[in-house]
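**Q** One structure, pasted below without further comment.
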Amino acid sequence: MKILLICSKSFAMVRIKVCGITNREDALLSVDLGVDALGFIFAPSPRGITPQKAKKIIQVLPPFIERVGVFVNETSWKVKTVAKLCSLTCLQFHGDESPHYCAQFNQKVIKSFSLKDKIPKDISHYQVSAYLVDTFLKGKRGGTGKTCNWEIARKIRNIGFSLILSGGLTPDNVGEAITKVKPYAVDVASGVEEKPGEKSEKKLKQFIQNVRGKDETLQITHF
C-alpha cells in the first residue's frame, strides 16, 4: 500500500522585540510599526525604567503585545511585585539565575546567555519559553552593542531551542544575522537608538523592514 505524503509550505515570521523602552512615544511607535514585544529594563542601565513609569506606558499599549520585564539577579519577591504592578506577560533574566529560580514564575520566562566560544554547558537545564543569546563582555549584562557569535547561536538553535538573537543587531546586519542563524526572534536596543533610551524612528523603521524582508526566505516544510 502506498502512503501519499502531502507537503505544504508556510512562512515562519521572525518575531521582533524592541528593548530598553523608556517613554510612551517610542513604545507606541514600535507598536505601530509592527513589533511583537517591548522590553522594559528593571535593572541598572542607561535604558533602565522605574516600575511606576513602565506601568503608565504599558497601560496605553494595545492588546496582543508582549510586555517583557528584564531583570538581573533580582529577588523573586521583587520580580513578582513588579510583574503584577506592570501587568508583565514575560520575564527576561540576564543574571546568574538558576533553573530553579526561573521555574517559580507564572509568566513566560526568557533566560539570557552571554556567548563566548562554545554552547553554555548548563543551557539545557533551563526549562524556559525561550533562550536569548547576547555578547559576552566582562562586567556587562547585555546591552553591549557588540555582535555575538552567530555560529554558536546557530548551533543552539539547531538543538531545538526557541532562540532569540541579540547583541549588536542593527538595520545593516540584521538581515545577514537572520539568514545565518534563523532565530525565532531578534532583540534590538542600541542598534535603533539616537542615544541610550531614545529610539530613532528612521533606524527602527529600517530595522523592521529588513527583518520582514527576510520572512519569505524562512520556509518551514510540514507533512
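For the C-alpha cells, the naming scheme is as follows: chains receive sequential letters (A, B, ...) according to their order of presentation, residues are indexed from 1 within each chain, and ligands are indexed from 1 in presentation order.
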DSSP on the backbone, then: every residue of range 35-166 of chain A marked alpha helix (DSSP H), written as a VMD selection string.
**A** chain A and resid 51 to 58 76 to 86 99 to 102 150 to 159
**Q** Set the distance at 8 Å and use only C-alpha atoms: which residues neighbour Val133 in chain A once local chain neighbours fewer than 5 positions away are removed? I'd like the list as a PyMOL selection string.
**A** chain A and resi 112-115+148+153+163-167
**Q** Using only C-alpha atoms, which residues sit within 10 Å of Gly39 in chain A once same-chain residues fewer than 3 positions away are excluded, as JSON, numbers by chain?
**A** {"A": [17, 18, 19, 20, 21, 22, 27, 42, 54, 66, 67, 68, 69, 70, 88, 90, 91, 92, 187, 188, 189]}
**Q** I need the chosen residues saved as a tab-separated table (two decimals), in the first residue's frame, with C-alpha atoms.
**A**
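Ended up saving to out_21.tsv:
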```tsv
chain	number	residue	atom	x	y	z
A	17	LYS	CA	11.44	42.66	20.34
A	18	VAL	CA	12.49	46.25	20.94
A	19	CYS	CA	14.18	46.52	24.31
A	20	GLY	CA	15.07	49.44	26.55
A	21	ILE	CA	11.77	51.25	26.16
A	22	THR	CA	11.79	54.35	28.39
A	27	ALA	CA	6.56	52.34	22.73
A	42	PHE	CA	14.27	47.00	35.70
A	54	ALA	CA	6.67	51.40	32.93
A	66	GLU	CA	4.20	41.06	24.76
A	67	ARG	CA	5.31	43.15	27.75
A	68	VAL	CA	8.72	41.87	28.83
A	69	GLY	CA	10.36	42.79	32.11
A	70	VAL	CA	14.16	42.50	32.15
A	88	LEU	CA	4.05	41.89	32.52
A	90	CYS	CA	7.01	37.71	30.09
A	91	LEU	CA	10.11	37.83	32.31
A	92	GLN	CA	13.65	38.00	30.97
A	187	ASP	CA	16.05	41.63	20.06
A	188	VAL	CA	17.32	45.16	19.46
A	189	ALA	CA	18.06	48.17	21.66
```
**Q** Using Å and a single decimal, report how far CA of Ala37 in chain A sits from CA of Ile156 in chain A.
**A** 22.0 Å
**Q** Would you pick out the contacts of Asp117 in chain A at 10 Å or less, using only C-alpha atoms, so that residues sharing its chain but fewer than 6 positions from it are not included, and give the list as a ChimeraX atom specification?
**A** /A:136,148-149,151-152
**Q** Residues of the last selection are to be written out with N, CA and C atoms, as a tab-separated table (two decimals), in the first residue's frame.
**A**
```
chain	number	residue	atom	x	y	z
A	136	PHE	N	29.23	38.21	25.07
A	136	PHE	CA	29.95	38.23	26.34
A	136	PHE	C	30.90	39.42	26.37
A	148	CYS	N	27.24	39.18	18.69
A	148	CYS	CA	27.58	37.93	19.37
A	148	CYS	C	28.04	36.88	18.35
A	149	ASN	N	28.43	35.73	18.84
A	149	ASN	CA	28.93	34.64	18.00
A	149	ASN	C	27.75	33.96	17.30
A	151	GLU	N	27.70	31.77	14.94
A	151	GLU	CA	27.88	30.33	14.70
A	151	GLU	C	27.43	29.53	15.92
A	152	ILE	N	27.82	29.98	17.12
A	152	ILE	CA	27.37	29.30	18.34
A	152	ILE	C	25.87	29.46	18.50
```
**Q** One decimal, in Å: what's the spacing between CA of Val14 in chain A and CA of Asp36 in chain A?
**A**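 A separation of 9.5 Å between them.
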**Q** Of the residues A:Pro183, A:Pro196, A:Gly160, A:Gly213, which is the one nearest to Arg15 in chain A, using only C-alpha atoms?
**A**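 Using only C-alpha atoms, the shortest distance to Arg15 in chain A belongs to A:Pro183.
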**Q** Rank A:Tyr184, A:Trp150, A:Tyr101, A:Tyr131 by their smallest atom-to-atom distance to Ser76 in chain A, using only C-alpha atoms, and report the top residue only.
**A**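 Residue with the minimum atom-to-atom distance to Ser76 in chain A: A:Tyr101.
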**Q** In Å, rounded to a single decimal, give me how far CA of Asn23 in chain A is from CA of Thr89 in chain A.
**A**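 CA of Thr89 in chain A sits 18.7 Å away from CA of Asn23 in chain A.
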**Q** Which of range 47-189 of chain A end up as strand (DSSP E) when DSSP is run on this backbone - answer as a ChimeraX atom specification?
**A** /A:66-71,90-93,108-115,130-135,163-165,185-188
**Q** With distances taken over only C-alpha atoms, which residue among A:Gly34, A:Gly168, A:Pro46, A:Gly191 lies nearest Arg212 in chain A?
**A**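 Residue with the minimum atom-to-atom distance to Arg212 in chain A: A:Gly34.
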**Q** Go through A:Ile208, A:Val60, A:Ala103, A:Ile159 one by one, measure the shortest atom-to-atom distance of each to Ile119 in chain A using only C-alpha atoms, and give the residue with the smallest value.
**A**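 Looking only at the distances to Ile119 in chain A, the closest residue turns out to be A:Ile159.
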**Q** Looking at A:Gln104, A:Thr81, A:Ser190, A:Gln52, which one is nearest to Leu204 in chain A, with distances taken over only C-alpha atoms?
**A**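 Smallest distance to Leu204 in chain A is found for A:Ser190.
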**Q** Compare A:Leu85, A:Asp26, A:Lys56, A:Phe105 by their minimum atom-to-atom distance to Glu193 in chain A, counting only C-alpha atoms, and give me the closest one.
**A**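 Checking each candidate against Glu193 in chain A, we get A:Asp26 as the closest.
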**Q** If you count only C-alpha atoms, which residues fall within 12 Å of Glu25 in chain A, apart from same-chain ones fewer than 6 positions away, as a PyMOL selection string?
**A** chain A and resi 31-32+56-58+60-61+197-201
**Q** Please list as a VMD selection string every residue within 7 Å of Ala130 in chain A, counting only C-alpha atoms and excluding residues in the same chain fewer than 6 positions away.
**A** chain A and resid 109 to 111 161 to 164
